[in-house]
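Novice: Sharing input-v9.txt (compact mmCIF, C-alpha atoms and all ligand atoms) below.
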```txt
# COMPACT_ATOMS: atom_id res chain seq x y z
CA MET A 1 50.66 96.84 97.37
CA SER A 2 49.90 100.52 96.74
CA VAL A 3 50.17 100.69 92.92
CA LYS A 4 47.72 98.73 90.77
CA ILE A 5 49.33 96.51 88.15
CA GLU A 6 47.19 98.11 85.43
CA ASP A 7 48.61 101.52 86.40
CA MET A 8 52.19 100.48 85.76
CA GLN A 9 52.35 102.41 82.52
CA SER A 10 56.12 102.18 82.25
CA ILE A 11 55.92 98.40 81.68
CA HIS A 12 53.43 98.71 78.83
CA LYS A 13 54.77 97.20 75.58
CA LYS A 14 58.17 96.47 77.15
CA LYS A 15 59.90 93.32 75.94
CA ILE A 16 60.98 91.14 78.82
CA VAL A 17 62.80 87.81 78.88
CA LEU A 18 61.83 85.98 82.06
CA GLY A 19 64.54 83.48 83.02
CA VAL A 20 63.55 80.69 85.37
CA THR A 21 66.19 78.58 87.14
CA GLY A 22 65.85 75.53 89.37
CA GLY A 23 64.46 76.43 92.75
CA ILE A 24 61.33 75.87 94.78
CA ALA A 25 60.41 79.54 94.19
CA ALA A 26 59.92 78.73 90.47
CA TYR A 27 56.20 78.37 91.19
CA LYS A 28 56.12 82.13 91.93
CA SER A 29 57.43 82.83 88.41
CA ALA A 30 54.11 81.77 86.93
CA GLU A 31 52.36 84.51 88.92
CA LEU A 32 55.14 86.95 87.99
CA LEU A 33 54.59 86.17 84.31
CA ARG A 34 50.83 86.65 84.70
CA LEU A 35 51.29 90.06 86.36
CA LEU A 36 53.88 91.27 83.83
CA THR A 37 51.57 90.30 80.99
CA LYS A 38 48.65 92.01 82.73
CA ALA A 39 50.77 95.19 83.01
CA GLY A 40 51.14 95.10 79.22
CA ALA A 41 54.62 93.57 78.84
CA GLU A 42 55.52 91.16 76.09
CA VAL A 43 57.24 88.26 77.79
CA ARG A 44 59.26 85.30 76.54
CA VAL A 45 60.18 82.63 79.05
CA VAL A 46 63.53 80.83 79.14
CA MET A 47 64.02 77.89 81.50
CA THR A 48 67.13 76.03 82.65
CA PRO A 49 67.00 72.20 82.72
CA ALA A 50 66.85 72.33 86.55
CA ALA A 51 63.82 74.66 86.42
CA ARG A 52 61.92 71.95 84.53
CA GLU A 53 62.28 69.69 87.56
CA PHE A 54 60.09 72.18 89.45
CA ILE A 55 57.57 73.46 86.91
CA GLN A 56 56.40 72.49 83.44
CA PRO A 57 57.14 74.70 80.40
CA LEU A 58 53.49 74.29 79.44
CA THR A 59 52.41 76.50 82.37
CA PHE A 60 54.54 79.37 81.04
CA GLN A 61 53.53 78.70 77.45
CA ALA A 62 49.85 79.01 78.36
CA LEU A 63 50.39 82.19 80.38
CA SER A 64 52.69 83.96 77.89
CA GLY A 65 51.01 82.71 74.73
CA HIS A 66 54.46 81.89 73.33
CA ARG A 67 56.82 78.99 73.04
CA VAL A 68 59.09 78.50 76.02
CA TYR A 69 62.83 78.28 75.40
CA THR A 70 64.38 75.34 77.25
CA ASP A 71 67.18 73.97 75.10
CA ILE A 72 70.11 75.58 73.28
CA PHE A 73 69.80 73.00 70.53
CA ASP A 74 66.03 73.18 70.10
CA ALA A 75 65.73 73.88 66.35
CA GLU A 76 62.01 74.62 66.53
CA ALA A 77 62.41 77.29 69.19
CA GLU A 78 65.49 78.67 67.45
CA SER A 79 63.51 79.12 64.27
CA ALA A 80 61.11 81.42 66.17
CA MET A 81 63.97 83.62 67.41
CA ASP A 82 67.53 82.40 68.02
CA HIS A 83 69.18 83.08 71.34
CA ILE A 84 71.25 86.01 70.08
CA GLU A 85 68.15 87.63 68.60
CA LEU A 86 66.24 87.01 71.81
CA ALA A 87 69.01 88.67 73.85
CA ARG A 88 68.87 91.70 71.53
CA TRP A 89 65.08 91.76 71.54
CA ALA A 90 64.76 92.13 75.31
CA ASP A 91 64.43 95.55 76.98
CA LEU A 92 65.11 93.67 80.22
CA MET A 93 66.15 90.16 81.19
CA LEU A 94 64.73 89.19 84.56
CA VAL A 95 65.97 85.96 86.11
CA ALA A 96 63.55 84.93 88.86
CA PRO A 97 64.27 82.78 90.72
CA ALA A 98 68.05 83.01 90.34
CA SER A 99 69.59 79.98 92.06
CA ALA A 100 73.05 80.00 93.67
CA ASP A 101 74.26 77.75 90.84
CA PHE A 102 72.97 80.14 88.16
CA ILE A 103 74.52 83.15 89.94
CA ALA A 104 77.92 81.43 90.17
CA LYS A 105 77.88 80.37 86.53
CA PHE A 106 76.61 83.72 85.28
CA ASN A 107 79.34 85.51 87.21
CA HIS A 108 82.01 83.30 85.63
CA GLY A 109 80.70 83.52 82.08
CA TYR A 110 79.46 79.94 81.70
CA ALA A 111 77.14 79.27 78.79
CA ASP A 112 76.14 75.63 79.24
CA ASN A 113 72.39 76.19 79.15
CA ILE A 114 70.12 78.45 77.13
CA LEU A 115 69.56 81.01 79.89
CA LEU A 116 73.29 81.44 80.62
CA THR A 117 73.99 81.72 76.89
CA LEU A 118 71.40 84.45 76.64
CA CYS A 119 72.78 86.35 79.61
CA LEU A 120 76.28 86.21 78.12
CA ALA A 121 74.97 87.39 74.75
CA SER A 122 73.03 90.30 76.25
CA ALA A 123 74.29 93.88 76.19
CA GLY A 124 71.11 95.16 77.84
CA PRO A 125 70.01 95.36 81.47
CA ILE A 126 69.79 92.13 83.46
CA ALA A 127 68.04 91.85 86.82
CA ILE A 128 68.23 88.79 89.04
CA ALA A 129 66.05 87.80 92.00
CA PRO A 130 68.17 85.47 94.15
CA ALA A 131 66.36 82.57 95.82
CA MET A 132 68.15 79.96 97.90
CA ASN A 133 68.66 78.52 101.35
CA GLN A 134 69.86 81.16 103.84
CA GLN A 135 73.17 79.34 104.43
CA MET A 136 73.88 79.18 100.69
CA TYR A 137 73.05 82.88 100.44
CA ALA A 138 75.34 83.67 103.40
CA SER A 139 78.30 81.75 101.91
CA SER A 140 81.22 83.90 100.87
CA SER A 141 81.15 82.37 97.37
CA THR A 142 77.60 83.59 96.74
CA GLU A 143 78.36 86.92 98.40
CA ASN A 144 81.42 87.48 96.18
CA ASN A 145 79.51 86.46 93.06
CA LEU A 146 76.73 88.93 93.84
CA ILE A 147 79.18 91.74 94.62
CA THR A 148 80.99 91.22 91.32
CA LEU A 149 77.77 90.98 89.32
CA SER A 150 76.44 94.13 90.95
CA SER A 151 79.69 96.02 90.22
CA ARG A 152 79.28 95.05 86.56
CA GLY A 153 75.78 96.51 86.48
CA THR A 154 73.55 93.49 87.11
CA LEU A 155 70.53 94.57 89.13
CA ILE A 156 70.11 92.44 92.24
CA TRP A 157 66.51 92.44 93.44
CA GLY A 158 66.12 90.93 96.89
CA PRO A 159 66.23 88.43 98.44
CA ALA A 160 63.64 88.81 101.18
CA SER A 161 64.07 87.32 104.61
CA GLY A 162 61.71 84.87 106.28
CA GLU A 163 60.68 81.26 106.51
CA GLN A 164 62.19 79.00 103.88
CA ALA A 165 60.94 75.86 102.16
CA CYS A 166 63.58 73.82 104.03
CA GLY A 167 62.36 75.12 107.40
CA ASP A 168 65.26 77.55 107.94
CA ILE A 169 64.59 81.20 108.68
CA GLY A 170 66.70 83.97 107.17
CA PRO A 171 67.51 85.87 103.97
CA GLY A 172 67.21 83.94 100.72
CA ARG A 173 63.52 84.00 99.84
CA MET A 174 62.66 85.26 96.38
CA LEU A 175 60.77 88.59 96.41
CA GLU A 176 57.04 88.21 95.87
CA ALA A 177 55.80 88.51 92.28
CA GLU A 178 54.07 91.84 93.03
CA GLU A 179 57.26 93.31 94.49
CA LEU A 180 59.23 92.24 91.43
CA VAL A 181 56.68 93.77 89.06
CA GLN A 182 56.95 97.02 91.00
CA LEU A 183 60.76 96.96 90.60
CA VAL A 184 60.35 96.32 86.87
CA SER A 185 58.01 99.30 86.69
CA LEU A 186 60.49 101.53 88.57
CA HIS A 187 63.29 100.31 86.30
CA PHE A 188 61.41 101.52 83.22
CA GLN A 189 60.41 104.88 84.68
CA PRO A 190 62.41 107.66 83.03
CA GLY A 191 65.06 109.25 85.25
CA LYS A 192 65.16 112.99 85.88
CA LEU A 193 68.26 113.31 83.68
CA ASP A 194 67.27 110.73 81.07
CA GLY A 195 69.63 110.88 78.06
CA ARG A 196 71.34 114.09 79.26
CA HIS A 197 75.09 114.32 78.64
CA LEU A 198 76.90 114.97 81.87
CA LEU A 199 80.65 115.54 82.11
CA MET A 200 82.40 115.53 85.45
CA THR A 201 85.75 115.47 87.21
CA ALA A 202 86.60 113.57 90.40
CA GLY A 203 89.49 112.54 92.60
CA PRO A 204 92.89 114.15 93.10
CA THR A 205 95.46 115.09 90.47
CA ARG A 206 99.16 114.20 90.54
CA GLU A 207 101.82 116.68 89.58
CA ALA A 208 105.03 114.88 88.71
CA ILE A 209 108.30 116.14 90.20
CA ASP A 210 110.41 113.51 88.46
CA PRO A 211 109.64 110.01 87.07
CA VAL A 212 109.05 108.59 90.57
CA ARG A 213 107.76 111.44 92.73
CA TYR A 214 104.71 113.64 92.65
CA ILE A 215 102.67 116.23 94.57
CA SER A 216 99.05 115.31 95.25
CA ASN A 217 96.31 115.73 97.87
CA ARG A 218 94.05 113.65 100.13
CA SER A 219 90.99 113.51 97.87
CA SER A 220 89.58 109.94 97.81
CA GLY A 221 87.20 110.53 94.89
CA LYS A 222 84.31 109.06 96.93
CA MET A 223 82.05 112.10 96.60
CA GLY A 224 82.65 112.34 92.85
CA TYR A 225 82.08 108.64 92.23
CA ALA A 226 78.88 108.76 94.32
CA LEU A 227 77.71 111.69 92.19
CA ALA A 228 78.53 109.83 88.97
CA LYS A 229 76.45 106.88 90.18
CA ALA A 230 73.54 109.08 91.32
CA ALA A 231 73.50 110.88 87.95
CA ALA A 232 73.67 107.59 86.00
CA ASP A 233 70.83 106.24 88.16
CA GLN A 234 68.76 109.23 86.97
CA GLY A 235 69.44 108.25 83.37
CA ALA A 236 72.29 110.69 82.58
CA LYS A 237 75.01 109.65 80.13
CA VAL A 238 77.97 110.24 82.41
CA THR A 239 81.58 110.79 81.35
CA LEU A 240 83.80 110.78 84.41
CA ILE A 241 87.27 112.28 84.10
CA SER A 242 89.02 110.81 87.09
CA GLY A 243 92.33 111.41 88.77
CA PRO A 244 94.15 108.41 90.29
CA VAL A 245 91.84 106.56 92.72
CA SER A 246 91.48 102.87 93.55
CA MET A 247 87.70 102.66 92.97
CA GLN A 248 85.96 100.97 90.06
CA PRO A 249 83.73 103.20 87.93
CA PRO A 250 79.99 102.93 88.67
CA PRO A 251 78.12 100.70 86.17
CA GLY A 252 77.22 102.44 82.92
CA VAL A 253 79.61 105.35 83.52
CA ASP A 254 82.21 106.08 80.87
CA ARG A 255 85.45 106.76 82.77
CA ILE A 256 88.65 108.35 81.52
CA MET A 257 91.63 108.19 83.85
CA VAL A 258 94.06 111.11 83.94
CA GLU A 259 97.01 112.04 86.14
CA SER A 260 97.85 115.73 86.09
CA ALA A 261 95.68 118.85 86.29
CA HIS A 262 96.83 119.70 82.79
CA ASP A 263 95.66 116.31 81.40
CA MET A 264 92.35 116.76 83.21
CA PHE A 265 91.96 120.26 81.77
CA GLU A 266 92.65 119.08 78.20
CA THR A 267 90.35 116.07 78.50
CA VAL A 268 87.50 118.21 79.85
CA MET A 269 87.94 120.92 77.20
CA GLN A 270 87.86 118.33 74.38
CA ARG A 271 84.50 117.03 75.54
CA VAL A 272 82.69 119.96 77.13
CA ASP A 273 80.91 121.19 73.99
CA LYS A 274 78.92 117.93 73.85
CA SER A 275 77.86 118.25 77.49
CA GLU A 276 74.73 119.83 78.88
CA ILE A 277 75.88 119.56 82.48
CA PHE A 278 79.35 119.84 84.01
CA ILE A 279 80.24 118.89 87.59
CA ALA A 280 83.70 119.82 88.91
CA CYS A 281 84.28 117.59 91.89
CA ALA A 282 88.01 116.94 91.47
CA ALA A 283 90.50 118.33 93.94
CA VAL A 284 92.71 119.82 91.26
CA ALA A 285 96.25 120.77 92.25
CA ASP A 286 96.55 124.54 92.03
CA TYR A 287 100.22 124.37 91.03
CA ARG A 288 102.48 122.08 89.03
CA ILE A 289 106.25 121.73 89.05
CA SER A 290 107.65 124.39 86.72
CA GLN A 291 110.29 122.07 85.34
CA GLN A 292 109.78 118.35 85.69
CA SER A 293 113.03 116.42 85.87
CA GLN A 294 113.37 113.68 83.25
CA GLN A 295 115.58 111.67 85.62
CA LYS A 296 115.15 110.80 89.28
CA ILE A 297 116.47 113.74 91.32
CA LYS A 298 119.41 112.77 93.52
CA LYS A 299 119.67 114.05 97.07
CA SER A 300 122.53 116.49 97.43
CA SER A 301 122.11 119.82 99.21
CA GLN A 302 120.39 120.18 102.63
CA VAL A 303 117.69 122.46 101.26
CA MET A 304 115.88 121.86 98.03
CA GLN A 305 113.64 124.31 96.26
CA LEU A 306 110.87 123.47 93.84
CA SER A 307 109.51 126.16 91.62
CA LEU A 308 105.73 125.90 91.01
CA THR A 309 103.53 127.27 88.21
CA ARG A 310 99.77 127.90 88.46
CA ASN A 311 97.56 125.26 86.83
CA PRO A 312 94.61 126.26 84.67
CA ASP A 313 91.34 126.48 86.61
CA ILE A 314 89.19 123.87 84.85
CA VAL A 315 85.76 124.85 86.11
CA ALA A 316 86.45 128.59 85.64
CA SER A 317 87.51 127.87 82.03
CA VAL A 318 84.24 125.98 81.49
CA GLY A 319 82.31 128.84 83.10
CA ALA A 320 84.02 131.32 80.76
CA LEU A 321 82.86 129.55 77.58
CA ASP A 322 80.41 131.37 75.29
CA SER A 323 77.61 128.97 76.10
CA PRO A 324 78.69 127.01 79.16
CA PRO A 325 76.87 123.88 80.29
CA PHE A 326 74.86 123.95 83.51
CA THR A 327 77.72 123.84 86.01
CA LEU A 328 78.08 122.63 89.58
CA GLY A 329 81.33 123.29 91.42
CA PHE A 330 82.58 122.54 94.90
CA ALA A 331 84.18 124.64 97.56
CA ALA A 332 86.09 123.13 100.44
CA GLU A 333 86.60 125.78 103.10
CA THR A 334 87.94 125.87 106.64
CA GLU A 335 86.06 129.06 107.66
CA ASN A 336 83.38 131.52 106.44
CA ILE A 337 82.08 128.69 104.25
CA GLU A 338 79.00 130.35 102.81
CA GLN A 339 80.56 133.72 102.11
CA TYR A 340 83.65 132.26 100.40
CA ALA A 341 81.55 129.78 98.43
CA ALA A 342 79.14 132.47 97.21
CA GLU A 343 82.09 134.59 96.01
CA LYS A 344 83.65 131.58 94.30
CA ARG A 345 80.38 130.76 92.53
CA ARG A 346 80.18 134.26 91.04
CA ARG A 347 83.86 134.47 90.16
CA LYS A 348 83.84 131.11 88.33
CA ASN A 349 80.39 131.66 86.80
CA LEU A 350 78.82 128.50 88.25
CA ASP A 351 75.09 127.79 88.39
CA LEU A 352 75.48 125.95 91.68
CA ILE A 353 78.20 125.50 94.24
CA ALA A 354 78.29 122.86 96.95
CA ALA A 355 80.30 124.01 99.94
CA ASN A 356 81.61 121.93 102.79
CA GLN A 357 83.90 122.38 105.76
CA VAL A 358 87.27 120.65 105.63
CA GLY A 359 90.00 120.15 108.19
CA GLY A 360 88.92 117.71 110.91
CA GLY A 361 85.43 116.50 111.81
CA LYS A 362 83.15 114.23 109.83
CA THR A 363 83.03 116.07 106.52
CA GLY A 364 85.18 116.45 103.45
CA PHE A 365 88.24 114.53 102.29
CA GLU A 366 88.62 110.82 103.12
CA ASN A 367 85.42 110.79 105.21
CA GLU A 368 82.40 108.58 104.48
CA THR A 369 80.01 111.39 105.41
CA ASN A 370 79.50 114.97 104.33
CA GLU A 371 77.43 118.04 105.18
CA ILE A 372 76.89 120.55 102.45
CA PHE A 373 75.46 123.96 101.65
CA VAL A 374 74.19 124.31 98.10
CA LEU A 375 74.18 127.86 96.80
CA GLY A 376 72.82 129.25 93.54
CA GLU A 377 71.28 132.49 92.27
CA ASN A 378 68.66 133.27 94.92
CA TYR A 379 69.02 129.72 96.17
CA ARG A 380 70.35 128.26 99.40
CA GLN A 381 69.85 124.76 100.73
CA ARG A 382 71.56 122.93 103.58
CA LEU A 383 72.02 119.17 103.28
CA PRO A 384 72.60 117.88 106.82
CA LEU A 385 75.27 115.29 107.69
CA ALA A 386 74.65 112.07 105.76
CA SER A 387 76.59 109.43 103.82
CA LYS A 388 78.24 110.62 100.63
CA THR A 389 75.85 108.35 98.70
CA GLN A 390 72.82 110.08 100.21
CA ILE A 391 74.32 113.56 99.76
CA ALA A 392 75.09 112.69 96.12
CA ARG A 393 71.47 111.65 95.48
CA GLN A 394 70.14 114.87 97.03
CA LEU A 395 72.63 116.99 95.10
CA ILE A 396 71.68 115.36 91.80
CA ASP A 397 67.99 115.93 92.61
CA ILE A 398 68.67 119.64 93.20
CA LEU A 399 70.84 119.87 90.09
CA ALA A 400 68.22 118.15 87.92
CA GLU A 401 65.45 120.39 89.21
CA ARG A 402 67.42 123.62 88.62
CA PHE A 403 68.81 122.45 85.28
CA LEU A 404 65.38 121.45 83.95
CA ALA A 405 63.85 124.74 85.17
CA GLN A 406 66.35 126.57 82.93
CA GLN A 407 65.46 124.64 79.76
O1 LIG A 501 89.27 127.60 93.82
P1 LIG A 501 89.01 126.26 94.44
O2 LIG A 501 90.09 125.26 94.16
O3 LIG A 501 88.64 126.31 95.90
O4 LIG A 501 87.69 125.77 93.69
C1 LIG A 501 87.16 124.50 93.86
C2 LIG A 501 86.29 124.15 92.67
O5 LIG A 501 86.98 124.47 91.46
C3 LIG A 501 86.01 122.69 92.57
O6 LIG A 501 84.77 122.54 91.92
C4 LIG A 501 87.17 122.18 91.73
O7 LIG A 501 86.86 120.96 91.07
C5 LIG A 501 87.34 123.31 90.74
N1 LIG A 501 88.71 123.51 90.27
C6 LIG A 501 89.03 123.26 88.93
N2 LIG A 501 90.29 123.47 88.47
C7 LIG A 501 91.26 123.94 89.29
C8 LIG A 501 90.96 124.22 90.63
C9 LIG A 501 89.68 123.99 91.09
O8 LIG A 501 88.14 122.81 88.19
N3 LIG A 501 92.48 124.14 88.82
```
Could you express the structure from this file as structure tokens?
Ligand code: C5P
Specialist:
Amino acid sequence: MSVKIEDMQSIHKKKIVLGVTGGIAAYKSAELLRLLTKAGAEVRVVMTPAAREFIQPLTFQALSGHRVYTDIFDAEAESAMDHIELARWADLMLVAPASADFIAKFNHGYADNILLTLCLASAGPIAIAPAMNQQMYASSSTENNLITLSSRGTLIWGPASGEQACGDIGPGRMLEAEELVQLVSLHFQPGKLDGRHLLMTAGPTREAIDPVRYISNRSSGKMGYALAKAAADQGAKVTLISGPVSMQPPPGVDRIMVESAHDMFETVMQRVDKSEIFIACAAVADYRISQQSQQKIKKSSQVMQLSLTRNPDIVASVGALDSPPFTLGFAAETENIEQYAAEKRRRKNLDLIAANQVGGGKTGFENETNEIFVLGENYRQRLPLASKTQIARQLIDILAERFLAQQ
């Protein structure tokens, strides 16, 4: 391993609850505890009844220098710190090994042992290191449990692939103690946008014609949601104002759903003064129906005319504020991308604009991939074709660098 345990400054003085469940990998948890303690963490160990079949609490007690929590009804342990207090105390709960049984119960909110109770009572970050037979790991039940836990913000560390205690070969091995300590260290490293308030828009808008019909566009919201996740991963406090999309918000992101451009405009304007950064990623409808019908419009004449009124330009309104936040906008163009984008950036008073080509090919709306030019004052950077997740990470890196340089 490249980084020395002693150098893992970010772990120093961090309060960690180490949860141990029943699995052969439980022996590795003793080494994990030793390394975390060596890196300066304060660790309390919580074991499930099944874990005690594999390793004695005394081992953990000796290594941590503290009582090990094994029983919900253990009055002596509870008098040291009850399980609710312990959940609040922890900067991180790390369950290693996390058995298939624990993962299933945790996902479904069970609280029939002390570790599950603690996980349910915790509002802080929880990381789990799955460890099980490769077939159990491959089962759709485990897969679904892990997907749901991850979508709720649980950090899933591993598993590794290789030879298993039962003789099988495949994914399901718990990560080595050193790898887990490194992940803990990374987890505690401050992000580039730590604590910064970031407001953003994403997805399409819907402009109602009557109670059942609307005008909209093909925006999937994927780029915006990937940006929200990338910003949250860098520690930003993200408020995502989203038009109608079918995706779940990324963990830790505060999402407000809106329908029309006008709702999006109002919601942004109410919150923008508390924001240091604004990203306009929504495909906002340029026009709305001048007069929405209160009743469903009946078909009658052969030709029907709809009168449209211009919508407010959200990002331009943000750019026109007395002290606007650091602002990133987007430009989807079919030709002369750079020239049009540069003009748009100046006209809307944006710090950065990300321009991409739309209309066929592998970029833009509904696609999984994107290729982007980022333009700023005396700044030009091309981000070659990559997944929207990768593009989002690179864009947030550029944004953070330019934003911090301005502070
Ligand atoms: O002018 P155009 O629609 O091409 O500009 C695109 C950029 O402006 C995007 O960042 C988009 O989110 C933003 N925009 C906006 N409000 C509008 C129209 C566009 O915020 N009404």
Novice: Restricting the calculation to all atoms listed in the file, which member of A:Ser219, A:Gln134, A:Thr239, A:Ser293 is positioned closest to ligand LIG 501 (chain A)?
Specialist: A:Ser219
Novice: Enclose all atoms of ligand LIG 501 (chain A) listed in the file in an axis-aligned box, grow every side by 4 Å, and hand back centre and edge lengths in Å to one decimal, as lines of an AutoDock Vina configuration file.
Specialist:
```
center_x = 88.6
center_y = 124.3
center_z = 92.0
size_x = 15.7
size_y = 14.6
size_z = 15.7
```
Novice: Neighbouring residues of A:His197 were defined as those with any atom within 10 Å, considering all atoms listed in the file; residues of the same chain fewer than 4 positions away were excluded. Please report them as a list in words.
Specialist: Leu193, Gly235, Ala236, Lys237, Val238, Thr239, Val272, Lys274, Ser275, Glu276, Ile277, Phe278 and Pro325 of chain A
Novice: Include C-alpha atoms and write out the residues we just selected as a PDB file, in the frame of the given file.
Specialist:
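Ended up saving to result-v2.pdb:
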```
ATOM      1  CA  LEU A 193      68.260 113.310  83.680  1.00  0.00           C
ATOM      2  CA  GLY A 235      69.440 108.250  83.370  1.00  0.00           C
ATOM      3  CA  ALA A 236      72.290 110.690  82.580  1.00  0.00           C
ATOM      4  CA  LYS A 237      75.010 109.650  80.130  1.00  0.00           C
ATOM      5  CA  VAL A 238      77.970 110.240  82.410  1.00  0.00           C
ATOM      6  CA  THR A 239      81.580 110.790  81.350  1.00  0.00           C
ATOM      7  CA  VAL A 272      82.690 119.960  77.130  1.00  0.00           C
ATOM      8  CA  LYS A 274      78.920 117.930  73.850  1.00  0.00           C
ATOM      9  CA  SER A 275      77.860 118.250  77.490  1.00  0.00           C
ATOM     10  CA  GLU A 276      74.730 119.830  78.880  1.00  0.00           C
ATOM     11  CA  ILE A 277      75.880 119.560  82.480  1.00  0.00           C
ATOM     12  CA  PHE A 278      79.350 119.840  84.010  1.00  0.00           C
ATOM     13  CA  PRO A 325      76.870 123.880  80.290  1.00  0.00           C
TER      14      PRO A 325
END
```
Novice: Using all atoms listed in the file, which of A:Ser29, A:Asn311, A:Asn349, A:Asn356 sits nearest A:Pro384?
Specialist: A:Asn356
Novice: As a list of chain:residue names, please: every protein or nucleic acid residue near ligand LIG 501 (chain A) (cut-off 7 Å, counting all atoms listed in the file).
Specialist: A:Thr201, A:Ala261, A:Ala280, A:Cys281, A:Ala282, A:Ala283, A:Val284, A:Ala285, A:Asp286, A:Asn311, A:Pro312, A:Asp313, A:Ile314, A:Val315, A:Ala316, A:Gly329, A:Phe330, A:Ala331, A:Ala332, A:Lys344
Novice: So, with only C-alpha atoms as the atoms that count, which of A:Thr148, A:His12, A:Thr389, A:Arg271 lies closest to A:Met223?
Specialist: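 When distances to A:Met223 are compared using only C-alpha atoms, the smallest one comes from A:Thr389.
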Novice: Might you pull out every residue within 7 Å of A:Val20, with only C-alpha atoms counted and same-chain residues fewer than 6 positions away left off, and present them as a list in words?
Specialist: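 Once the adjacent positions are removed, what remains is Ala26, Val46, Met47, Thr48, Ala51, Val95, Ala96 and Pro97 of chain A.
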Novice: Please return, as a list in words, all polymer residues that have at least one atom within 6 Å of the point (80.0, 104.4, 90.4); use only C-alpha atoms and the file's own coordinate frame.
Specialist: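 Looking at atoms near the point gives Tyr225, Ala226, Ala228, Lys229, Pro249, Pro250 and Pro251 of chain A.
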Novice: How far is it from atom CA of A:Gly153 to atom CA of A:Gln394, in Å with one decimal?
Specialist: 21.9 Å
